[in-house]
Structure formats: structure tokens, C-alpha cells
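**Q** Okay, so here is upload.cif, and as you'll see once you scroll down, it has mmCIF, C-alpha atoms and all ligand atoms.
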```cif
data_structure
loop_
_atom_site.label_atom_id
_atom_site.label_comp_id
_atom_site.auth_asym_id
_atom_site.auth_seq_id
_atom_site.Cartn_x
_atom_site.Cartn_y
_atom_site.Cartn_z
CA MET A 92 11.06 80.69 24.93
CA GLU A 93 9.09 78.33 27.08
CA PRO A 94 5.49 78.58 26.02
CA VAL A 95 4.13 79.07 22.64
CA MET A 96 3.23 82.34 21.20
CA GLU A 97 -0.42 83.05 20.82
CA PRO A 98 -3.02 82.50 23.52
CA ALA A 99 -5.28 79.50 23.30
CA VAL A 100 -8.17 81.66 24.45
CA SER A 101 -9.10 84.60 22.28
CA SER A 102 -9.03 87.94 24.07
CA ALA A 103 -12.15 88.89 22.16
CA ALA A 104 -14.28 85.86 22.89
CA PRO A 105 -17.98 86.58 22.40
CA VAL A 106 -20.32 86.74 25.35
CA ALA A 107 -21.34 83.21 26.14
CA PRO A 108 -25.10 82.59 25.91
CA ALA A 109 -24.98 80.28 28.90
CA ALA A 110 -22.56 79.18 31.55
CA PRO A 111 -20.19 76.57 30.16
CA SER A 112 -19.80 73.29 31.95
CA ILE A 113 -16.89 73.68 34.31
CA VAL A 114 -15.30 71.42 36.88
CA LEU A 115 -15.11 73.20 40.20
CA PRO A 116 -12.03 72.28 42.24
CA SER A 117 -13.93 70.66 45.06
CA SER A 118 -11.18 68.06 45.26
CA VAL A 119 -8.53 70.68 46.08
CA PRO A 120 -7.66 70.69 49.78
CA GLY A 121 -8.69 73.90 51.43
CA TRP A 122 -10.83 75.20 48.57
CA THR A 123 -14.31 76.23 49.55
CA ASN A 124 -16.88 78.09 47.55
CA ARG A 125 -18.18 80.81 49.82
CA PHE A 126 -20.50 82.13 47.15
CA SER A 127 -23.87 80.54 46.60
CA GLU A 128 -23.63 80.71 42.82
CA VAL A 129 -21.00 79.59 40.34
CA TRP A 130 -21.54 82.79 38.33
CA VAL A 131 -21.52 85.48 41.02
CA PRO A 132 -23.48 88.70 40.38
CA LEU A 133 -21.13 91.70 40.57
CA ASP A 134 -23.06 93.42 43.33
CA ALA A 135 -22.83 90.32 45.54
CA LEU A 136 -19.16 90.00 44.67
CA CYS A 137 -18.43 93.64 45.54
CA GLU A 138 -20.24 93.31 48.84
CA ALA A 139 -18.33 90.15 49.76
CA LEU A 140 -14.98 91.67 48.83
CA GLY A 141 -15.66 95.09 50.36
CA ILE A 142 -15.22 97.03 47.12
CA GLU A 143 -17.48 99.27 45.05
CA MET A 144 -18.70 99.29 41.50
CA ALA A 145 -18.06 102.70 39.92
CA ALA A 146 -21.38 102.88 38.10
CA PRO A 147 -24.10 100.43 37.22
CA PRO A 148 -22.85 98.70 34.09
CA ALA A 149 -24.71 99.47 30.92
CA ALA A 150 -25.65 96.75 28.48
CA GLY A 151 -23.09 98.10 25.99
CA ASN A 152 -19.53 97.05 25.42
CA GLY A 153 -17.83 99.55 27.73
CA PRO A 154 -15.82 98.28 30.68
CA VAL A 155 -17.30 97.75 34.11
CA GLU A 156 -15.16 99.46 36.72
CA LEU A 157 -14.66 98.07 40.20
CA ARG A 158 -12.92 100.35 42.69
CA THR A 159 -10.24 98.51 44.62
CA PRO A 160 -7.73 99.77 47.20
CA HIS A 161 -5.04 99.25 44.54
CA GLY A 162 -6.75 101.15 41.75
CA PRO A 163 -9.56 100.49 39.31
CA LEU A 164 -10.24 97.02 37.98
CA LEU A 165 -11.70 97.27 34.50
CA LEU A 166 -13.73 94.27 33.31
CA TYR A 167 -14.68 94.03 29.64
CA PRO A 168 -17.85 92.17 28.69
CA GLY A 169 -17.06 88.86 27.06
CA GLN A 170 -13.29 89.36 27.22
CA ALA A 171 -10.76 87.35 29.14
CA VAL A 172 -8.44 90.32 29.65
CA ALA A 173 -9.02 92.73 32.53
CA ARG A 174 -7.03 95.84 33.39
CA TRP A 175 -5.85 96.07 36.99
CA ASN A 176 -3.43 98.44 38.64
CA LYS A 177 -1.69 99.41 35.37
CA ILE A 178 -1.34 95.87 34.05
CA ASP A 179 -3.28 93.47 31.87
CA LEU A 180 -4.57 90.51 33.82
CA TRP A 181 -5.89 87.49 31.95
CA LEU A 182 -8.93 86.09 33.73
CA GLY A 183 -10.15 82.53 33.51
CA PHE A 184 -13.58 83.37 32.16
CA GLY A 185 -14.09 87.13 32.24
CA LEU A 186 -17.24 89.17 32.61
CA ARG A 187 -20.50 87.63 31.38
CA ARG A 188 -24.08 88.83 31.35
CA LEU A 189 -26.23 85.95 32.47
CA GLN A 190 -29.88 85.98 33.55
CA GLY A 191 -29.91 89.76 33.23
CA LEU A 192 -26.95 90.43 35.53
CA TRP A 193 -23.23 91.05 35.04
CA ARG A 194 -21.36 88.19 36.65
CA LEU A 195 -17.89 86.80 37.26
CA HIS A 196 -17.14 83.13 37.64
CA VAL A 197 -16.48 82.11 41.23
CA LEU A 198 -12.97 80.96 40.26
CA ASP A 199 -12.12 84.40 38.87
CA ALA A 200 -13.46 85.87 42.10
CA GLN A 201 -11.48 83.62 44.40
CA LYS A 202 -8.36 82.89 42.37
CA ASN A 203 -7.83 86.27 40.73
CA LEU A 204 -9.63 89.06 42.58
CA GLU A 205 -9.31 88.00 46.19
CA PRO A 206 -5.52 87.46 46.18
CA LEU A 207 -4.94 90.82 44.50
CA LEU A 208 -7.22 92.71 46.87
CA ARG A 209 -5.38 91.72 50.00
CA PRO A 210 -3.97 94.88 51.52
CA ASP A 211 -0.41 93.62 51.74
CA PRO A 212 0.37 91.93 48.42
CA VAL A 213 3.29 89.92 49.76
CA PRO A 214 4.41 89.87 53.39
CA CYS A 215 7.37 92.09 54.25
CA VAL A 216 10.23 90.06 55.60
CA SER A 217 13.93 90.68 55.99
CA SER A 218 15.22 87.26 54.98
CA ARG A 219 14.07 84.99 52.17
CA THR A 220 15.47 82.46 49.75
CA ILE A 221 14.87 82.52 46.01
CA VAL A 222 15.82 80.13 43.23
CA VAL A 223 16.47 82.09 40.03
CA ASP A 224 16.28 79.80 37.01
CA PRO A 225 17.92 81.05 33.79
CA GLY A 226 15.99 79.20 31.08
CA HIS A 227 17.72 76.66 28.81
CA GLY A 228 21.51 76.07 28.78
CA GLY A 229 24.08 73.75 27.23
CA ALA A 230 22.69 71.78 24.31
CA ASP A 231 19.32 73.50 24.71
CA PRO A 232 19.94 77.04 23.45
CA GLY A 233 16.31 78.23 23.42
CA ALA A 234 15.33 80.83 20.83
CA SER A 235 17.78 82.87 18.76
CA ASN A 236 17.96 86.62 18.39
CA THR A 237 16.67 87.44 14.90
CA VAL A 238 19.12 90.37 14.59
CA THR A 239 22.33 89.12 16.25
CA GLY A 240 21.91 85.34 16.18
CA GLN A 241 22.75 85.12 19.90
CA TRP A 242 20.93 82.55 21.99
CA GLU A 243 18.23 82.88 24.62
CA LYS A 244 20.25 80.69 27.02
CA ASP A 245 23.01 83.35 27.15
CA TYR A 246 20.60 86.23 27.69
CA THR A 247 18.74 84.44 30.49
CA LEU A 248 22.00 83.61 32.27
CA ASP A 249 23.19 87.21 31.96
CA TRP A 250 19.84 88.46 33.28
CA ALA A 251 20.06 86.11 36.28
CA GLN A 252 23.65 87.08 37.04
CA ARG A 253 22.75 90.77 36.96
CA LEU A 254 19.80 90.05 39.24
CA GLU A 255 21.69 87.98 41.81
CA PRO A 256 23.66 90.81 43.52
CA LEU A 257 20.65 93.12 43.50
CA LEU A 258 18.55 90.58 45.37
CA ALA A 259 21.41 89.70 47.72
CA ASP A 260 21.69 93.39 48.65
CA GLN A 261 18.00 93.25 49.64
CA GLY A 262 18.58 90.35 51.97
CA TRP A 263 17.56 87.48 49.69
CA THR A 264 19.58 84.30 49.71
CA VAL A 265 19.89 83.65 45.98
CA VAL A 266 20.40 80.22 44.40
CA LEU A 267 20.87 80.02 40.63
CA SER A 268 19.71 76.81 38.95
CA ARG A 269 22.77 77.18 36.69
CA ASP A 270 25.58 79.76 36.69
CA GLU A 271 27.27 78.69 33.48
CA ASP A 272 26.36 77.38 30.05
CA VAL A 273 25.52 73.82 31.01
CA ASP A 274 22.67 71.41 30.46
CA CYS A 275 20.16 71.72 33.25
CA PRO A 276 17.39 69.13 32.91
CA LEU A 277 13.92 70.14 33.99
CA ALA A 278 13.89 67.57 36.77
CA ASP A 279 17.07 69.13 38.24
CA ARG A 280 15.55 72.60 38.17
CA VAL A 281 12.58 71.35 40.16
CA ARG A 282 14.59 69.07 42.44
CA LEU A 283 16.94 71.89 43.35
CA ASN A 284 14.13 73.52 45.23
CA GLY A 285 13.78 70.59 47.55
CA ASP A 286 17.35 71.27 48.66
CA ALA A 287 17.18 75.05 48.81
CA GLN A 288 13.65 75.24 50.30
CA PRO A 289 13.10 78.61 48.67
CA ASP A 290 10.28 81.05 49.26
CA LEU A 291 10.01 81.72 45.53
CA PHE A 292 11.05 80.05 42.27
CA LEU A 293 11.57 82.45 39.35
CA SER A 294 12.24 81.19 35.82
CA LEU A 295 13.62 83.67 33.27
CA HIS A 296 13.03 83.33 29.52
CA PHE A 297 12.77 85.30 26.31
CA ASN A 298 10.08 84.59 23.76
CA SER A 299 9.93 83.89 20.05
CA ALA A 300 7.08 83.66 17.55
CA LYS A 301 8.08 81.79 14.43
CA GLY A 302 6.94 83.55 11.29
CA ASP A 303 5.56 86.50 13.24
CA PRO A 304 8.05 89.36 13.54
CA ARG A 305 5.42 91.74 14.95
CA SER A 306 4.68 90.20 18.33
CA SER A 307 6.56 91.96 21.12
CA GLY A 308 6.28 92.60 24.81
CA ILE A 309 6.42 90.99 28.20
CA GLU A 310 4.33 88.06 29.45
CA THR A 311 4.34 86.75 33.01
CA TYR A 312 3.07 83.26 33.75
CA CYS A 313 1.93 81.33 36.76
CA LEU A 314 0.20 77.98 37.08
CA THR A 315 -3.46 77.76 36.09
CA PRO A 316 -5.71 77.16 39.11
CA THR A 317 -7.67 73.92 39.02
CA GLY A 318 -10.95 74.37 37.19
CA MET A 319 -9.79 77.28 34.99
CA PRO A 320 -8.80 77.12 31.33
CA SER A 321 -5.19 78.03 30.52
CA HIS A 322 -4.25 80.88 28.18
CA VAL A 323 -1.48 78.91 26.57
CA ALA A 324 -1.55 75.14 26.19
CA ARG A 325 0.79 74.56 23.24
CA GLU A 326 0.19 71.09 21.82
CA ASN A 327 -0.65 69.80 25.29
CA SER A 328 -4.12 68.99 26.47
CA ASP A 329 -5.36 71.37 29.13
CA ASN A 330 -6.99 69.25 31.81
CA LEU A 331 -9.07 71.65 33.88
CA ALA A 332 -9.46 69.12 36.68
CA ALA A 333 -5.70 68.62 37.17
CA VAL A 334 -4.30 69.38 40.63
CA PHE A 335 -0.54 70.02 40.82
CA PRO A 336 1.64 70.57 43.90
CA ASN A 337 2.08 74.24 42.95
CA ASN A 338 -1.70 74.80 43.01
CA ALA A 339 -1.38 75.02 46.78
CA PHE A 340 0.25 78.41 46.14
CA ASP A 341 -2.27 79.85 43.68
CA ALA A 342 -2.75 83.07 45.65
CA ASP A 343 0.92 83.92 46.16
CA ASN A 344 1.78 82.85 42.59
CA LEU A 345 -0.51 85.56 41.30
CA ARG A 346 0.57 88.18 43.83
CA TYR A 347 4.21 87.73 42.93
CA ALA A 348 3.41 87.58 39.19
CA ALA A 349 1.43 90.83 39.31
CA ARG A 350 4.22 92.68 41.15
CA LEU A 351 6.87 91.38 38.77
CA HIS A 352 4.83 92.13 35.67
CA GLU A 353 3.99 95.67 36.70
CA CYS A 354 7.61 96.57 37.43
CA LEU A 355 8.90 94.93 34.24
CA VAL A 356 6.38 96.62 31.93
CA ARG A 357 6.96 100.01 33.56
CA ALA A 358 10.76 99.82 33.54
CA SER A 359 11.12 98.39 30.04
CA GLY A 360 8.44 100.37 28.24
CA ALA A 361 7.67 97.12 26.39
CA PRO A 362 4.10 96.20 25.38
CA ASP A 363 2.07 94.66 28.17
CA ARG A 364 1.04 91.14 27.11
CA GLY A 365 -0.43 90.40 30.48
CA VAL A 366 -0.21 88.09 33.47
CA ARG A 367 -1.29 84.74 32.03
CA ARG A 368 -1.86 81.16 33.08
CA ALA A 369 -0.45 77.89 31.82
CA ARG A 370 -0.42 74.41 33.30
CA PHE A 371 1.86 72.61 30.82
CA MET A 372 5.04 74.21 32.17
CA GLY A 373 6.78 71.46 34.10
CA VAL A 374 9.13 73.94 35.70
CA LEU A 375 6.17 75.59 37.45
CA ARG A 376 3.65 72.93 38.28
CA GLY A 377 5.92 70.70 40.36
CA GLN A 378 7.09 73.50 42.62
CA ALA A 379 6.33 73.30 46.32
CA GLN A 380 6.48 77.07 46.77
CA PRO A 381 5.25 80.09 44.80
CA ALA A 382 6.61 80.01 41.24
CA VAL A 383 6.56 82.47 38.33
CA LEU A 384 7.93 82.36 34.78
CA ILE A 385 8.77 85.57 32.93
CA GLU A 386 9.04 85.93 29.16
CA GLY A 387 11.09 89.12 28.98
CA GLY A 388 10.44 90.01 25.33
CA TYR A 389 10.41 88.58 21.80
CA LEU A 390 13.72 87.69 20.18
CA SER A 391 11.79 87.26 16.92
CA ASN A 392 10.80 90.95 16.85
CA PRO A 393 13.70 92.98 15.35
CA ASP A 394 13.16 96.08 17.51
CA GLU A 395 12.78 94.11 20.72
CA ALA A 396 15.64 91.77 19.77
CA ARG A 397 17.98 94.77 19.44
CA LYS A 398 16.96 95.98 22.89
CA ILE A 399 17.48 92.55 24.48
CA ALA A 400 20.95 92.39 22.89
CA ASP A 401 21.85 95.60 24.77
CA PRO A 402 23.40 94.90 28.22
CA ASP A 403 21.94 98.15 29.55
CA TYR A 404 18.45 96.91 28.71
CA ARG A 405 19.06 93.59 30.43
CA GLN A 406 20.30 95.52 33.47
CA LYS A 407 17.01 97.42 33.41
CA LEU A 408 15.11 94.12 33.38
CA ALA A 409 17.17 92.86 36.33
CA GLU A 410 16.53 96.04 38.30
CA ALA A 411 12.80 95.78 37.57
CA VAL A 412 12.68 92.24 38.98
CA ALA A 413 14.66 93.34 42.03
CA GLU A 414 12.29 96.27 42.60
CA ALA A 415 9.30 93.92 42.50
CA LEU A 416 10.93 91.59 45.00
CA ASP A 417 12.12 94.25 47.42
CA LEU A 418 10.17 93.03 50.43
CA ARG A 419 12.19 94.76 53.11
CA PRO A 420 10.09 96.38 55.79
CA PRO A 421 9.84 100.14 55.29
CA ALA A 422 12.59 102.11 57.04
CA GLN A 423 11.56 103.33 60.48
ZN ZN B 1 12.72 79.87 26.92
#
```
Using C-alpha cells, write down the structure that the file contains.

**A**
Amino acid sequence: MEPVMEPAVSSAAPVAPAAPSIVLPSSVPGWTNRFSEVWVPLDALCEALGIEMAAPPAAGNGPVELRTPHGPLLLYPGQAVARWNKIDLWLGFGLRRLQGLWRLHVLDAQKNLEPLLRPDPVPCVSSRTIVVDPGHGGADPGASNTVTGQWEKDYTLDWAQRLEPLLADQGWTVVLSRDEDVDCPLADRVRLNGDAQPDLFLSLHFNSAKGDPRSSGIETYCLTPTGMPSHVARENSDNLAAVFPNNAFDADNLRYAARLHECLVRASGAPDRGVRRARFMGVLRGQAQPAVLIEGGYLSNPDEARKIADPDYRQKLAEAVAEALDLRPPAQ
């Protein structure tokens, strides 16, 4: 368990009567607003991105469908959660009706839609380095399995060790942040990447919701882009104006997260709790390369806890991650 349980932003937030006051990331190197409005009308957005709207949206509560090369993107009025390419994607602001038009915030357009619409989600290469980070370890056991009493730290290590040979077979050079049950301070997990110079940092966790045995499913996190609200903040303040080193990789963070999440939800059959954003996770925000954190299920949910205790299920999770990260060029 890394983040807390329930989202800070309700998935059923009402339609805002007016645009909230938001800090645009004008201080972020390389960020430019190529739209003339902060709340971009959908027709202008579709034209700029080269996609189509399925039908003129009605004023009701039904979803607005945008047709993308990767499948339909369903936007729900007033809701932060969108449906894209078989997965739930948590937007920063969601669809709003303002001044008589359906609109998306420019940050949702540029930080969520544009990266996902690129024709090649992640470049195909034959050689890459990854740091796989099994969460917790040593005196920090993480969450406990409500059925077996086993610790998260052991499950995450097992998951990583199952994943390592699968990725190596695909040509990845794999570095584990720990390969035994030892303390691994956060600073070491981040510093390790300076040595390994990886192309991707992947942190593996399992979740827990104290006092809530019903929550279950998979969540995939990457760093919140500057200017957007996070979906989980825990007790931390969520400074929208913050700029972290990992924000330089906003686009690839999301592209990797979406691939990983889709494969994990499909392979596990677990509930889809969405690709989400957080900025309090120290293991992500200091990274100088794309970074993703996976919560592979709830140890506090008895049914899911039994599955996670099964080595075959953890093998399935490892194979799903490997499938998502299989970036080998197609065979000739
Ligand atoms: Zn954890």
C-alpha cells in the first residue's frame, strides 16, 4: 500500500457552474498552450487532434463519445472518470458545459488526450533498462493480507522476481531496487536510478483500505501534471503549482501507465479502478525518467486477498506487466 484508499476527488462531482481558478503550468519548461481558451470547446479540440465526435452531445447525462484511432473515448458530463480503450482514465477536470458548449480543460487535452492519441504509444526498441521496485521491505512490511496474515513486502518481491526473467527475455536490462527482504529507504530507491539510468521506473505495491473490506481492484498511478488536481493526496497538501523532475515525462508516464493498466485489468479480471494521478508519492516525483506505480489489488478484501496469496495469480500479474512492456519491434 502506498497511497490511501479513496480518491480525493469524487467521481460524481457535479457540473461546475463556472471554470474554477486554476494555475496553468506556464512555468514548466517546454509547456505551451496551443489552444486559445483554457476550457476548449470539444469541436475545436477534435479538429486540433484530428479526431471526430460520434454525435453532437445532448444536454443530458449520457456520455460524449470521441472516436480515436485506439477506440472510443467516453466523456461523462461533470465526472472526472473517462473510459478509454477498455480502461478507466481519471481526468484532471472532466467534461464541463460552459457558455453553452461542452468543453475540456486545456490540461486534460494536452496532458491526457494528446499523449494517448499518438499513433505509437511507446517507441519500439530492442534494448532498454528498467528499475523494478518491489514496495516496502525489511522493517517496513506494508499492508497485511486479511486472510493469511502475509505481508505486502513479500508479495511485491515475489511479483518482481517473477517479472524479472520475463522482461529479460524481451531484451530489457532489469535492475531490482531490492532482491531480498531488506530495508530500502525511499531515497535509495530514487538514487538507484541515477546509477542505472533506466528508461522506466516501475514500483509494485498491493493496496489496503482499513475498515473497508469491499474495495477491490487495480489502480495505476503516475505523477500529477503541474496545474492539475491529484486524485489521491492522503494527508498531504496538493500543490497544483508544484513542478517535480518527473513532470518532464508527463506524456510517457501516462502512455506506460495506460498500457500497464489495460494488460493488468484484462489478465487479472480484477475491477478496474483506473489510471490515476498523485503527486505526494516520493518514489515517483523525483524520478528523472518515466515512472509508474501499480497497486495490484486490495489485501483488505477477502476475495482479492485469497487471489493475491496464490502464486499462480501473482504469475499472471507478472505476465501482464511483461506483456505491457513488450516493446520489441514486430517480427519481420
Ligand atoms: Zn505499498

**Q** Which residues are near range 388-396 of chain A? Cut-off 12 Å, all atoms listed in the file, ignore same chain within fewer than 3 positions. Put them as JSON, numbers by chain.

**A** {"A": [92, 93, 94, 95, 96, 233, 234, 235, 236, 237, 238, 239, 240, 241, 242, 243, 244, 246, 247, 295, 296, 297, 298, 299, 300, 301, 302, 303, 304, 305, 306, 307, 308, 309, 310, 311, 352, 355, 356, 359, 360, 361, 362, 363, 364, 385, 399, 400, 401, 402, 404, 405, 408]}

**Q** Would you work out the distance separating CA of Glu353 in chain A from CA of Ala333 in chain A, expressed in Å to one decimal?

**A**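 According to the coordinates, CA of Glu353 in chain A and CA of Ala333 in chain A are separated by 28.7 Å.
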
**Q** Calculate how many Å separate CA of Ala415 in chain A from CA of Cys354 in chain A, rounding to one decimal.

**A**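 Taking CA of Ala415 in chain A and CA of Cys354 in chain A, their separation equals 6.0 Å.
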
**Q** Kindly give the distance, in Å, that separates CA of Arg187 in chain A and CA of Val131 in chain A, rounded to a single decimal.

**A**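 Rounded to one decimal, the two atoms are 9.9 Å apart.
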
**Q** Considering all atoms listed in the file, return as a PyMOL selection string whatever protein or nucleic-acid residues lie within 12 Å of Asp260 in chain A, sequence-local ones (same chain, fewer than 2 positions apart) excluded.

**A** chain A and resi 217-219+254-258+262-265+410+413-414+416-419

**Q** May I have the residues from that selection written out with C-alpha atoms, as a PDB file, in the coordinates of the input?

**A**
```pdb
ATOM      1  CA  SER A 217      13.930  90.680  55.990  1.00  0.00           C
ATOM      2  CA  SER A 218      15.220  87.260  54.980  1.00  0.00           C
ATOM      3  CA  ARG A 219      14.070  84.990  52.170  1.00  0.00           C
ATOM      4  CA  LEU A 254      19.800  90.050  39.240  1.00  0.00           C
ATOM      5  CA  GLU A 255      21.690  87.980  41.810  1.00  0.00           C
ATOM      6  CA  PRO A 256      23.660  90.810  43.520  1.00  0.00           C
ATOM      7  CA  LEU A 257      20.650  93.120  43.500  1.00  0.00           C
ATOM      8  CA  LEU A 258      18.550  90.580  45.370  1.00  0.00           C
ATOM      9  CA  GLY A 262      18.580  90.350  51.970  1.00  0.00           C
ATOM     10  CA  TRP A 263      17.560  87.480  49.690  1.00  0.00           C
ATOM     11  CA  THR A 264      19.580  84.300  49.710  1.00  0.00           C
ATOM     12  CA  VAL A 265      19.890  83.650  45.980  1.00  0.00           C
ATOM     13  CA  GLU A 410      16.530  96.040  38.300  1.00  0.00           C
ATOM     14  CA  ALA A 413      14.660  93.340  42.030  1.00  0.00           C
ATOM     15  CA  GLU A 414      12.290  96.270  42.600  1.00  0.00           C
ATOM     16  CA  LEU A 416      10.930  91.590  45.000  1.00  0.00           C
ATOM     17  CA  ASP A 417      12.120  94.250  47.420  1.00  0.00           C
ATOM     18  CA  LEU A 418      10.170  93.030  50.430  1.00  0.00           C
ATOM     19  CA  ARG A 419      12.190  94.760  53.110  1.00  0.00           C
TER      20      ARG A 419
END
```

**Q** Give me the residues within 7 Å of range 172-185 of chain A as a list in words, counting all atoms listed in the file and dropping any in the same chain fewer than 6 places off.

**A**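 Non-adjacent residues within range: Ser102, His161, Gly162, Pro163, Leu164, Leu165, Leu166, Leu195, His196, Asp199, Met319, Pro320, Glu353, Asp363, Arg364, Gly365, Val366 and Arg367 of chain A.
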
**Q** Counting all atoms listed in the file, note down every residue that has an atom within 10 Å of the point (5.9, 72.5, 41.1) (file coordinates), as a list of chain:residue names.

**A**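 Every polymer residue passing the test: A:Val281, A:Arg282, A:Asn284, A:Phe292, A:Leu314, A:Phe335, A:Pro336, A:Asn337, A:Asn338, A:Ala339, A:Phe340, A:Met372, A:Gly373, A:Val374, A:Leu375, A:Arg376, A:Gly377, A:Gln378, A:Ala379, A:Gln380, A:Pro381, A:Ala382.
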
**Q** Got a sec: who's within 7 Å of Val223 in chain A, counting only C-alpha atoms, leaving out chain neighbours fewer than 5 positions off, as an NGL selection string?

**A** :A and (251 or 266-268 or 292-294)

**Q** Rank nothing, just name the residue among A:Pro132, A:Val323, A:Asp224, A:Asp343 nearest to ligand ZN 1 (chain B), using all atoms listed in the file.

**A**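 So, comparing all the options, the nearest one is A:Asp224.
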
**Q** Tell me which protein, DNA and RNA residues are within 9 Å of Asn330 in chain A, counting all atoms listed in the file, leaving out same-chain ones fewer than 4 positions away, and put them as a list in words.

**A** Thr317, Gly318, Pro320 and Arg370 of chain A

**Q** Kindly provide, as lines of an AutoDock Vina configuration file, the centre and edge lengths (Å, one decimal) of an axis-aligned box around all atoms of range 312-320 of chain A given in the file, with 4 Å on each side.

**A**
```
center_x = -3.9
center_y = 78.6
center_z = 35.2
size_x = 22.0
size_y = 17.3
size_z = 15.8
```

**Q** Using all atoms listed in the file, give me every residue within 12 Å of (-9.4, 86.1, 47.3) in file coordinates, as JSON, numbers by chain.

**A** {"A": [122, 123, 124, 125, 126, 136, 137, 139, 140, 141, 197, 198, 199, 200, 201, 202, 203, 204, 205, 206, 207, 208, 209, 210, 212, 341, 342, 343, 345, 346]}

**Q** Restricting the calculation to all atoms listed in the file: of A:Cys275, A:Ala422, A:Val334, A:Leu384, which residue gets closest to ligand ZN 1 (chain B)?

**A**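 For ligand ZN 1 (chain B), the nearest of the candidates is A:Leu384.
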
**Q** Pick from A:Gln170, A:Thr159, A:Ser321, A:Asn327: nearest to Ala369 in chain A, with only C-alpha atoms counted?

**A**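 Closest to Ala369 in chain A, using only C-alpha atoms: A:Ser321.
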
**Q** Which of these residues is nearest to ligand ZN 1 (chain B), using all atoms listed in the file: A:Val273, A:Ala259, A:Gly226, A:Val383?

**A** A:Gly226

**Q** Pick the closest to ligand ZN 1 (chain B) from A:Pro420, A:Pro225, A:Pro316, A:Pro289: which is it, counting only C-alpha atoms and all ligand atoms?

**A** A:Pro225
